[in-house]
file work-v4.tsv (TSV, C-alpha atoms and all ligand atoms)
chain	number	residue	atom	x	y	z
A	253	MET	CA	-105.10	-21.12	-55.20
A	254	LYS	CA	-105.45	-20.30	-58.91
A	255	VAL	CA	-103.22	-17.60	-60.37
A	256	SER	CA	-103.51	-16.28	-63.91
A	257	VAL	CA	-100.79	-14.29	-65.61
A	258	ILE	CA	-101.84	-12.12	-68.54
A	259	GLY	CA	-98.74	-11.33	-70.60
A	260	MET	CA	-96.07	-14.01	-70.90
A	261	GLY	CA	-93.17	-11.78	-71.84
A	262	ALA	CA	-90.01	-11.35	-69.79
A	263	VAL	CA	-91.80	-10.41	-66.56
A	264	GLY	CA	-94.75	-12.80	-66.76
A	265	THR	CA	-92.53	-15.74	-67.64
A	266	GLU	CA	-90.12	-15.03	-64.78
A	267	LEU	CA	-93.05	-14.74	-62.36
A	268	VAL	CA	-94.37	-18.17	-63.35
A	269	GLY	CA	-90.95	-19.53	-62.40
A	270	TYR	CA	-91.61	-18.38	-58.84
A	271	LEU	CA	-95.24	-19.50	-58.80
A	272	VAL	CA	-94.55	-23.12	-59.73
A	273	ASN	CA	-92.57	-23.39	-56.51
A	274	LEU	CA	-95.20	-21.88	-54.21
A	275	SER	CA	-97.07	-24.73	-52.58
A	276	GLU	CA	-100.26	-22.67	-52.11
A	277	VAL	CA	-100.57	-22.37	-55.89
A	278	SER	CA	-102.49	-25.30	-57.40
A	279	GLU	CA	-103.18	-23.87	-60.87
A	280	ILE	CA	-101.37	-21.39	-63.10
A	281	VAL	CA	-102.94	-20.06	-66.30
A	282	ALA	CA	-100.85	-18.13	-68.81
A	283	VAL	CA	-102.50	-15.89	-71.40
A	284	ASP	CA	-100.75	-13.91	-74.12
A	285	LYS	CA	-101.88	-12.52	-77.41
A	286	ALA	CA	-98.92	-14.49	-78.76
A	287	ARG	CA	-100.63	-17.76	-77.86
A	288	GLU	CA	-97.79	-19.98	-79.05
A	289	LYS	CA	-95.32	-18.14	-76.82
A	290	ALA	CA	-97.53	-18.74	-73.78
A	291	GLU	CA	-97.91	-22.40	-74.71
A	292	ALA	CA	-94.20	-22.86	-75.19
A	293	GLU	CA	-93.39	-21.26	-71.82
A	294	ILE	CA	-95.95	-23.45	-70.07
A	295	TRP	CA	-94.66	-26.63	-71.73
A	296	ASP	CA	-91.14	-25.66	-70.75
A	297	TYR	CA	-92.19	-25.10	-67.13
A	298	SER	CA	-94.14	-28.36	-67.11
A	299	HIS	CA	-90.84	-30.13	-67.70
A	300	THR	CA	-89.44	-28.68	-64.48
A	301	THR	CA	-92.10	-30.26	-62.28
A	302	SER	CA	-90.38	-33.63	-62.03
A	303	PHE	CA	-87.58	-32.03	-60.10
A	304	ILE	CA	-88.98	-29.12	-58.08
A	305	TYR	CA	-90.67	-29.19	-54.71
A	306	ALA	CA	-93.96	-27.82	-56.05
A	307	LYS	CA	-97.22	-29.65	-55.49
A	308	ASN	CA	-97.51	-30.46	-59.17
A	309	PRO	CA	-99.62	-27.40	-60.07
A	310	LEU	CA	-101.91	-27.58	-63.06
A	311	LEU	CA	-100.18	-25.56	-65.79
A	312	VAL	CA	-102.38	-24.15	-68.53
A	313	ALA	CA	-101.77	-21.89	-71.51
A	314	GLY	CA	-105.10	-20.56	-72.60
A	315	ASP	CA	-107.44	-17.71	-73.18
A	316	TYR	CA	-109.68	-15.76	-70.81
A	317	PRO	CA	-112.24	-18.56	-70.27
A	318	GLU	CA	-109.44	-20.71	-68.82
A	319	THR	CA	-108.73	-17.99	-66.22
A	320	GLU	CA	-112.22	-18.45	-64.75
A	321	GLY	CA	-112.34	-18.38	-60.97
A	322	SER	CA	-108.79	-17.10	-60.49
A	323	ASP	CA	-107.89	-16.00	-56.98
A	324	ILE	CA	-105.17	-13.71	-58.31
A	325	VAL	CA	-104.71	-12.23	-61.78
A	326	VAL	CA	-101.41	-10.54	-62.63
A	327	ILE	CA	-101.38	-8.26	-65.67
A	328	THR	CA	-98.02	-7.75	-67.36
A	329	ALA	CA	-99.40	-7.51	-70.91
A	330	GLY	CA	-98.58	-4.50	-72.99
A	331	ALA	CA	-95.96	-2.63	-74.88
A	332	GLN	CA	-92.43	-2.60	-73.54
A	333	LEU	CA	-90.10	0.39	-73.63
A	334	GLN	CA	-87.76	1.04	-76.50
A	335	ARG	CA	-84.26	2.21	-75.65
A	336	GLY	CA	-84.18	5.91	-74.79
A	337	GLN	CA	-87.87	6.03	-73.79
A	338	THR	CA	-89.24	6.53	-70.29
A	339	ARG	CA	-92.06	4.46	-68.80
A	340	ASP	CA	-94.38	7.45	-69.28
A	341	THR	CA	-94.19	7.15	-73.06
A	342	LEU	CA	-96.17	3.90	-72.82
A	343	VAL	CA	-99.20	5.54	-71.26
A	344	GLU	CA	-101.52	5.84	-74.23
A	345	ILE	CA	-100.77	2.49	-75.82
A	346	ASN	CA	-100.91	0.55	-72.55
A	347	ALA	CA	-104.06	2.36	-71.40
A	348	GLU	CA	-105.64	0.99	-74.58
A	349	VAL	CA	-104.31	-2.51	-73.81
A	350	ILE	CA	-105.70	-2.51	-70.27
A	351	ARG	CA	-109.08	-1.22	-71.40
A	352	ASP	CA	-109.18	-4.19	-73.76
A	353	ILE	CA	-108.14	-6.72	-71.11
A	354	ILE	CA	-109.71	-5.75	-67.82
A	355	GLY	CA	-113.35	-6.40	-68.77
A	356	ARG	CA	-112.48	-9.94	-69.84
A	357	VAL	CA	-110.49	-10.54	-66.67
A	358	GLU	CA	-113.40	-9.37	-64.53
A	359	ARG	CA	-115.95	-11.36	-66.47
A	360	TYR	CA	-114.23	-14.61	-65.56
A	361	SER	CA	-112.76	-13.72	-62.16
A	362	PRO	CA	-114.89	-11.05	-60.50
A	363	GLN	CA	-113.65	-12.05	-57.04
A	364	ALA	CA	-109.95	-12.02	-57.92
A	365	ILE	CA	-107.22	-9.83	-56.55
A	366	VAL	CA	-105.71	-8.04	-59.56
A	367	LEU	CA	-102.07	-6.97	-59.62
A	368	ILE	CA	-101.08	-4.50	-62.32
A	369	VAL	CA	-97.48	-4.55	-63.52
A	370	THR	CA	-97.81	-2.96	-66.98
A	371	ASN	CA	-96.22	0.50	-67.13
A	372	PRO	CA	-96.75	3.27	-66.29
A	373	VAL	CA	-98.03	1.05	-63.54
A	374	ASP	CA	-99.97	3.39	-61.26
A	375	VAL	CA	-101.80	5.04	-64.15
A	376	ILE	CA	-102.61	1.72	-65.77
A	377	ALA	CA	-104.06	0.51	-62.46
A	378	GLN	CA	-106.27	3.56	-62.32
A	379	VAL	CA	-107.48	2.96	-65.89
A	380	ALA	CA	-108.27	-0.64	-64.88
A	381	LEU	CA	-110.25	0.57	-61.87
A	382	ARG	CA	-112.15	3.02	-64.05
A	383	HIS	CA	-113.09	0.30	-66.55
A	384	SER	CA	-114.06	-2.42	-64.09
A	385	SER	CA	-116.03	-2.91	-60.87
A	386	TYR	CA	-113.09	-4.16	-58.83
A	387	PRO	CA	-112.89	-2.40	-55.49
A	388	ARG	CA	-109.67	-0.51	-54.77
A	389	THR	CA	-108.82	-3.07	-52.08
A	390	ARG	CA	-108.57	-5.81	-54.72
A	391	LEU	CA	-106.98	-4.01	-57.64
A	392	MET	CA	-103.57	-2.54	-56.95
A	393	SER	CA	-100.43	-1.68	-58.84
A	394	ALA	CA	-97.01	-3.10	-58.05
A	395	GLY	CA	-96.24	0.56	-57.53
A	396	THR	CA	-92.93	1.33	-55.91
A	397	ILE	CA	-92.28	-2.08	-54.39
A	398	VAL	CA	-89.47	-2.71	-56.87
A	399	ASP	CA	-87.99	0.78	-56.29
A	400	SER	CA	-88.12	0.06	-52.56
A	401	ALA	CA	-86.27	-3.21	-53.08
A	402	ARG	CA	-83.63	-1.34	-55.06
A	403	PHE	CA	-83.38	1.29	-52.33
A	404	MET	CA	-82.86	-1.33	-49.62
A	405	ARG	CA	-80.16	-3.00	-51.69
A	406	ILE	CA	-78.32	0.18	-52.62
A	407	LEU	CA	-78.32	1.44	-49.04
A	408	SER	CA	-77.24	-1.96	-47.75
A	409	ASP	CA	-74.33	-1.98	-50.20
A	410	HIS	CA	-73.18	1.34	-48.71
A	411	LEU	CA	-73.49	0.00	-45.18
A	412	LYS	CA	-72.26	-3.53	-45.99
A	413	ILE	CA	-75.19	-5.24	-44.29
A	414	ASP	CA	-78.08	-7.44	-45.41
A	415	PRO	CA	-80.78	-5.41	-47.24
A	416	LYS	CA	-83.38	-7.08	-45.04
A	417	ASN	CA	-81.96	-5.02	-42.15
A	418	ILE	CA	-82.93	-1.81	-43.92
A	419	PHE	CA	-86.45	-0.56	-43.33
A	420	GLY	CA	-87.57	2.01	-45.84
A	421	TYR	CA	-89.57	2.76	-48.91
A	422	VAL	CA	-89.69	4.63	-52.14
A	423	LEU	CA	-93.19	6.14	-52.26
A	424	GLY	CA	-95.28	8.28	-54.59
A	425	ASP	CA	-95.08	6.65	-57.99
A	426	HIS	CA	-92.90	4.31	-60.03
A	427	SER	CA	-91.18	7.02	-62.06
A	428	ALA	CA	-88.64	9.80	-61.75
A	429	THR	CA	-90.90	11.52	-59.21
A	430	GLY	CA	-90.78	8.62	-56.75
A	431	PHE	CA	-89.18	9.77	-53.50
A	432	ILE	CA	-87.63	8.38	-50.33
A	433	PRO	CA	-89.25	9.50	-47.07
A	434	TRP	CA	-86.08	9.36	-44.99
A	435	SER	CA	-88.00	10.28	-41.83
A	436	ILE	CA	-89.55	6.80	-41.82
A	437	CYS	CA	-86.43	4.95	-42.95
A	438	ASN	CA	-84.28	3.16	-40.42
A	439	VAL	CA	-81.35	0.78	-40.25
A	440	CYS	CA	-81.74	-1.80	-37.49
A	441	GLY	CA	-84.01	0.64	-35.63
A	442	LEU	CA	-81.74	3.69	-35.97
A	443	ASP	CA	-82.31	6.56	-38.36
A	444	VAL	CA	-79.74	6.46	-41.14
A	445	ASP	CA	-77.60	9.37	-39.92
A	446	THR	CA	-77.45	8.02	-36.36
A	447	TYR	CA	-76.60	4.54	-37.63
A	448	CYS	CA	-73.66	5.92	-39.63
A	449	ARG	CA	-72.45	8.16	-36.78
A	450	LEU	CA	-72.53	5.40	-34.15
A	451	ASN	CA	-71.13	2.69	-36.41
A	452	GLY	CA	-68.25	4.38	-38.14
A	453	GLU	CA	-69.89	4.65	-41.56
A	454	VAL	CA	-69.47	7.55	-43.97
A	455	PRO	CA	-72.68	9.66	-43.87
A	456	ILE	CA	-75.13	8.73	-46.63
A	457	ASP	CA	-75.49	11.16	-49.55
A	458	LYS	CA	-79.28	10.96	-49.64
A	459	ALA	CA	-79.76	12.78	-52.94
A	460	ALA	CA	-77.24	10.47	-54.61
A	461	VAL	CA	-78.94	7.37	-53.19
A	462	ARG	CA	-82.32	8.54	-54.48
A	463	GLN	CA	-80.88	9.21	-57.93
A	464	ALA	CA	-79.18	5.82	-58.01
A	465	VAL	CA	-82.45	4.12	-57.04
A	466	LEU	CA	-84.39	5.94	-59.73
A	467	ASP	CA	-81.73	5.47	-62.42
A	468	VAL	CA	-80.84	1.83	-61.94
A	469	GLY	CA	-83.98	0.38	-63.57
A	470	LEU	CA	-83.33	2.31	-66.77
A	471	ASP	CA	-79.61	1.47	-66.59
A	472	ILE	CA	-80.47	-2.23	-66.48
A	473	PHE	CA	-82.97	-1.74	-69.29
A	474	ASN	CA	-80.41	0.01	-71.46
A	475	ARG	CA	-78.00	-2.90	-71.03
A	476	LYS	CA	-80.31	-5.90	-71.44
A	477	GLY	CA	-83.50	-4.57	-73.00
A	478	ASN	CA	-85.80	-5.23	-70.05
A	479	THR	CA	-85.95	-5.58	-66.28
A	480	ASN	CA	-87.55	-8.75	-65.06
A	481	HIS	CA	-85.83	-10.38	-62.07
A	482	ALA	CA	-86.53	-7.71	-59.43
A	483	ILE	CA	-90.07	-6.98	-60.58
A	484	ALA	CA	-90.97	-10.67	-60.72
A	485	ALA	CA	-89.58	-11.14	-57.20
A	486	SER	CA	-91.53	-8.07	-56.06
A	487	VAL	CA	-94.83	-9.29	-57.50
A	488	PHE	CA	-94.17	-12.71	-56.02
A	489	ARG	CA	-93.63	-11.02	-52.64
A	490	ILE	CA	-97.14	-9.49	-52.91
A	491	ILE	CA	-98.62	-12.84	-53.97
A	492	ARG	CA	-97.02	-14.58	-50.98
A	493	ALA	CA	-98.53	-11.96	-48.68
A	494	VAL	CA	-101.96	-12.68	-50.16
A	495	ALA	CA	-101.56	-16.46	-50.32
A	496	SER	CA	-100.51	-16.76	-46.67
A	497	ASN	CA	-102.72	-13.91	-45.43
A	498	GLU	CA	-99.55	-12.39	-43.99
A	499	HIS	CA	-100.77	-8.88	-43.11
A	500	SER	CA	-97.38	-7.75	-44.37
A	501	VAL	CA	-96.76	-4.07	-45.00
A	502	LEU	CA	-95.65	-3.46	-48.59
A	503	PRO	CA	-95.52	-0.30	-50.69
A	504	VAL	CA	-98.06	-0.83	-53.48
A	505	GLY	CA	-100.12	1.50	-55.63
A	506	VAL	CA	-103.61	1.96	-54.23
A	507	LEU	CA	-106.38	4.42	-55.04
A	508	LEU	CA	-106.14	7.09	-52.35
A	509	LYS	CA	-109.35	8.65	-51.06
A	510	ASP	CA	-108.60	11.77	-49.07
A	511	GLN	CA	-105.36	10.41	-47.67
A	512	TYR	CA	-101.99	12.11	-47.67
A	513	GLU	CA	-103.84	15.19	-49.04
A	514	VAL	CA	-104.64	13.26	-52.22
A	515	ASP	CA	-108.03	12.22	-53.55
A	516	ASP	CA	-108.72	9.78	-56.34
A	517	VAL	CA	-105.23	8.98	-57.60
A	518	VAL	CA	-103.46	5.60	-57.46
A	519	MET	CA	-100.23	6.21	-55.55
A	520	SER	CA	-97.76	4.06	-53.70
A	521	VAL	CA	-97.94	4.09	-49.94
A	522	PRO	CA	-97.34	1.37	-47.35
A	523	CYS	CA	-100.33	-0.99	-47.22
A	524	VAL	CA	-101.20	-4.03	-45.14
A	525	ILE	CA	-101.55	-6.92	-47.59
A	526	GLY	CA	-103.40	-10.15	-46.87
A	527	ARG	CA	-105.96	-12.58	-48.20
A	528	ASP	CA	-108.41	-9.81	-49.22
A	529	GLY	CA	-105.77	-7.67	-50.91
A	530	VAL	CA	-105.19	-4.23	-49.39
A	531	GLN	CA	-106.47	-4.64	-45.85
A	532	LYS	CA	-105.36	-1.24	-44.67
A	533	ILE	CA	-103.67	1.86	-46.08
A	534	LEU	CA	-101.23	3.05	-43.45
A	535	ASN	CA	-100.91	6.71	-42.51
A	536	TYR	CA	-97.57	8.38	-41.87
A	537	GLN	CA	-96.70	11.89	-40.82
A	538	PHE	CA	-94.32	13.03	-43.56
A	539	THR	CA	-92.07	16.02	-43.05
A	540	ARG	CA	-93.10	19.15	-44.94
A	541	GLN	CA	-90.47	18.45	-47.63
A	542	GLU	CA	-91.60	14.82	-48.00
A	543	GLN	CA	-95.23	15.87	-48.35
A	544	HIS	CA	-94.13	18.34	-51.01
A	545	GLU	CA	-92.41	15.50	-52.88
A	546	PHE	CA	-95.45	13.26	-52.52
A	547	LEU	CA	-97.61	15.95	-54.10
A	548	ALA	CA	-95.08	16.32	-56.93
A	549	SER	CA	-95.68	12.63	-57.66
A	550	GLU	CA	-99.41	13.27	-57.63
A	551	ALA	CA	-99.05	16.17	-60.09
A	552	HIS	CA	-96.98	13.97	-62.39
A	553	LEU	CA	-99.58	11.19	-62.26
A	554	ARG	CA	-102.45	13.56	-62.96
A	555	LYS	CA	-100.75	14.65	-66.19
A	556	LEU	CA	-100.42	11.01	-67.28
A	557	LEU	CA	-104.00	10.25	-66.26
A	558	ALA	CA	-105.18	12.98	-68.60
A	559	LEU	CA	-103.22	11.35	-71.45
A	560	ALA	CA	-104.76	8.01	-70.50
A	561	GLY	CA	-108.24	9.52	-70.77
A	562	VAL	CA	-109.05	9.23	-67.05
A	601	LIG	N1	-94.05	-2.12	-62.66
A	601	LIG	C1	-92.77	-2.39	-62.82
A	601	LIG	O1	-91.98	-2.16	-61.92
A	601	LIG	C2	-92.31	-2.99	-64.12
A	601	LIG	C3	-91.03	-3.56	-64.25
A	601	LIG	C4	-90.69	-4.15	-65.47
A	601	LIG	C5	-91.59	-4.12	-66.53
A	601	LIG	N2	-92.81	-3.52	-66.35
A	601	LIG	C6	-93.77	-3.43	-67.44
A	601	LIG	O2	-94.40	-4.68	-67.61
A	601	LIG	C7	-94.80	-4.83	-68.95
A	601	LIG	C8	-94.23	-6.14	-69.50
A	601	LIG	O3	-92.83	-6.08	-69.54
A	601	LIG	P1	-92.03	-7.27	-70.24
A	601	LIG	O4	-90.59	-6.95	-70.09
A	601	LIG	O5	-92.56	-8.58	-69.79
A	601	LIG	O6	-92.47	-7.01	-71.77
A	601	LIG	P2	-92.50	-8.07	-72.96
A	601	LIG	O7	-92.57	-7.27	-74.19
A	601	LIG	O8	-91.41	-9.05	-72.78
A	601	LIG	O9	-93.88	-8.83	-72.73
A	601	LIG	C9	-95.12	-8.24	-72.90
A	601	LIG	C10	-96.06	-9.36	-73.32
A	601	LIG	O10	-97.39	-8.83	-73.38
A	601	LIG	C11	-98.02	-9.45	-74.48
A	601	LIG	N3	-99.18	-8.64	-74.87
A	601	LIG	C12	-99.18	-7.40	-75.41
A	601	LIG	N4	-100.44	-6.97	-75.58
A	601	LIG	C13	-101.25	-7.96	-75.12
A	601	LIG	C14	-102.64	-8.11	-75.01
A	601	LIG	N5	-103.49	-7.16	-75.42
A	601	LIG	N6	-103.12	-9.25	-74.48
A	601	LIG	C15	-102.30	-10.24	-74.07
A	601	LIG	N7	-100.95	-10.14	-74.14
A	601	LIG	C16	-100.45	-9.02	-74.66
A	601	LIG	C17	-96.95	-9.53	-75.56
A	601	LIG	O11	-97.27	-10.50	-76.55
A	601	LIG	C18	-95.74	-9.92	-74.73
A	601	LIG	O12	-95.55	-11.31	-74.64
A	601	LIG	C19	-94.30	-3.58	-69.68
A	601	LIG	O13	-95.34	-2.61	-69.73
A	601	LIG	C20	-93.18	-3.08	-68.79
A	601	LIG	O14	-92.94	-1.72	-68.93
A	601	LIG	C21	-93.18	-2.99	-65.19
call {"tool": "encode", "arguments": {"input": "work-v4.tsv", "output": "structure tokens", "more": "lines below"}}
Ligand SMILES: NC(=O)c1ccc[n+]([C@@H]2O[C@H](COP(=O)([O-])OP(=O)(O)OC[C@H]3O[C@@H](n4cnc5c(N)ncnc54)[C@H](O)[C@@H]3O)[C@@H](O)[C@H]2O)c1
result
Amino acid sequence: MKVSVIGMGAVGTELVGYLVNLSEVSEIVAVDKAREKAEAEIWDYSHTTSFIYAKNPLLVAGDYPETEGSDIVVITAGAQLQRGQTRDTLVEINAEVIRDIIGRVERYSPQAIVLIVTNPVDVIAQVALRHSSYPRTRLMSAGTIVDSARFMRILSDHLKIDPKNIFGYVLGDHSATGFIPWSICNVCGLDVDTYCRLNGEVPIDKAAVRQAVLDVGLDIFNRKGNTNHAIAASVFRIIRAVASNEHSVLPVGVLLKDQYEVDDVVMSVPCVIGRDGVQKILNYQFTRQEQHEFLASEAHLRKLLALAGV
């Protein structure tokens, strides 16, 4: 499997660190407008391959022609936040970046699965769809997968259990309007309130958990100037699902067509992910309040889409 990473900044570089260890990956191509940075990262990684359990993947720093025939292309290229900004402030500049990139990606890898990471991620994915012929099943945003990972961790810290025993999502969009549909969240098969009641735990303050989930990314950013570990692990999780044709359910941003009362907006909902990308968009029956929150996400995204010229 050939994977190309466009944008070798903090996120792209961290992701390559995962990819060199995935045995399904035989070739990794790194592209960045700062060509020397991409080359240096690839050289550095090449010096890890004597010691890791990877199958000696071909490591290339190049330009778009070298990405030809990629099975997966991950796009992390673009402007990064400055302290005090929100992800939304990047919309116009990163819409311009993706318009510049996506045609070249498609020219060399028309059959690829494209994963958008550049923020604001759901809007940028929709711009990419608008300016390419990729079907919505093969071009998705990382969406709220990282928020969902944060949610599972924060809830598990409250309950003092492994986050993998929490089942739940943040849905809607990767911004302050993302929301937690508690009606489809469970802990070891029990809804959260029942779990706490039966197991001697203090009831969960759901509003506080949501706020903590939404705030923590910016808190990390304000302390270290980026967030890269959780998003790289999240994107790698999607790539594993594709590489092994797992049919795993993950919350990613996908163009909705008359689902969840939304038409023609990329939003994060649970999707079955496998070799062909999004194999199925799952349907859930939200409560009235959850549906209201989902539509608040949609309204937020539509405002950004207008700024992005979509
Ligand atoms: N979706 C998420 O959950 C999530 C999480 C973290 C970061 N992000 C986003 O991912 C993006 C990258 O973050 P980062 O921390 O790696 O930023 P970074 O500044 O470290 O890296 C961005 C890289 O993109 C390159 N670049 C810029 N324009 C380019 C172009 N036209 N062609 C090729 N390369 C180009 C830059 O040279 C740089 O190396 C940002 O938009 C950030 O907001 C998203």
call {"tool": "axis_aligned_box", "arguments": {"input": "work-v4.tsv", "around": "ligand LIG 601 (chain A)", "padding_each_side": "5 Å", "output": "JSON"}}
result
{"center_x": -97.0, "center_y": -6.5, "center_z": -69.2, "size_x": 22.9, "size_y": 19.6, "size_z": 24.6}
call {"tool": "closest_atom_pairs", "arguments": {"input": "work-v4.tsv", "of": "chain A", "to": "ligand LIG 601 (chain A)", "cutoff": "6 Å", "atoms": "all atoms listed in the file", "output": "tab-separated table"}}
result
residue	atom	partner	partner_atom	distance
A:Ile258	CA	A:LIG601	C15	5.9
A:Gly259	CA	A:LIG601	O10	4.0
A:Met260	CA	A:LIG601	O12	4.6
A:Gly261	CA	A:LIG601	O9	3.2
A:Ala262	CA	A:LIG601	O5	3.8
A:Val263	CA	A:LIG601	O5	3.8
A:Gly264	CA	A:LIG601	O5	5.6
A:Asp284	CA	A:LIG601	N7	3.8
A:Lys285	CA	A:LIG601	C15	4.1
A:Ala286	CA	A:LIG601	O11	4.9
A:Thr328	CA	A:LIG601	C7	4.6
A:Ala329	CA	A:LIG601	O10	3.4
A:Gly330	CA	A:LIG601	C12	3.8
A:Ala331	CA	A:LIG601	O13	5.2
A:Gln332	CA	A:LIG601	C19	4.4
A:Leu333	CA	A:LIG601	O14	5.9
A:Val349	CA	A:LIG601	N5	5.0
A:Val369	CA	A:LIG601	N1	4.3
A:Thr370	CA	A:LIG601	O13	3.7
A:Asn371	CA	A:LIG601	O13	4.1
A:Val373	CA	A:LIG601	N1	5.2
A:Ala394	CA	A:LIG601	N1	5.6
A:Val398	CA	A:LIG601	O1	5.7
A:Asn478	CA	A:LIG601	O4	5.1
A:Thr479	CA	A:LIG601	C4	5.0
A:Asn480	CA	A:LIG601	C4	5.6
A:Ile483	CA	A:LIG601	C3	5.1
call {"tool": "closest_residue", "arguments": {"input": "work-v4.tsv", "among": "A:Ala551, A:Val461, A:Cys437, A:Met392", "to": "Gln531 of chain A", "atoms": "all atoms listed in the file"}}
result
A:Met392
call {"tool": "residues_around", "arguments": {"input": "work-v4.tsv", "residues": "Ser393 of chain A", "least_positions_apart": "4", "cutoff": "10 Å", "atoms": "all atoms listed in the file", "output": "PyMOL selection string"}}
result
chain A and resi 326-327+366-378+380+397+425-426+487+503-507+518-520
call {"tool": "closest_residue", "arguments": {"input": "work-v4.tsv", "among": "A:Val465, A:Asp352, A:Asn451, A:Leu559", "to": "Leu407 of chain A", "atoms": "only C-alpha atoms"}}
result
A:Val465
call {"tool": "residues_around", "arguments": {"input": "work-v4.tsv", "residues": "Ile533 of chain A", "least_positions_apart": "5", "cutoff": "7 Å", "atoms": "all atoms listed in the file", "output": "PyMOL selection string"}}
result
chain A and resi 522-524
call {"tool": "closest_residue", "arguments": {"input": "work-v4.tsv", "among": "A:Thr338, A:Ser384, A:Asn535, A:Thr429", "to": "Leu553 of chain A", "atoms": "all atoms listed in the file"}}
result
A:Thr429
call {"tool": "atom_distance", "arguments": {"input": "work-v4.tsv", "atom1": "atom CA of Thr301 of chain A", "atom2": "atom CA of Tyr316 of chain A"}}
result
24.3 Å
call {"tool": "closest_residue", "arguments": {"input": "work-v4.tsv", "among": "A:Arg287, A:Ile413, A:Gly561, A:Val514", "to": "His383 of chain A", "atoms": "all atoms listed in the file"}}
result
A:Gly561
call {"tool": "atom_distance", "arguments": {"input": "work-v4.tsv", "atom1": "atom CA of Asp457 of chain A", "atom2": "atom CA of Phe431 of chain A"}}
result
14.3 Å
call {"tool": "closest_residue", "arguments": {"input": "work-v4.tsv", "among": "A:Val277, A:Ile304, A:Gly314, A:Gly469", "to": "His481 of chain A", "atoms": "all atoms listed in the file"}}
result
A:Gly469
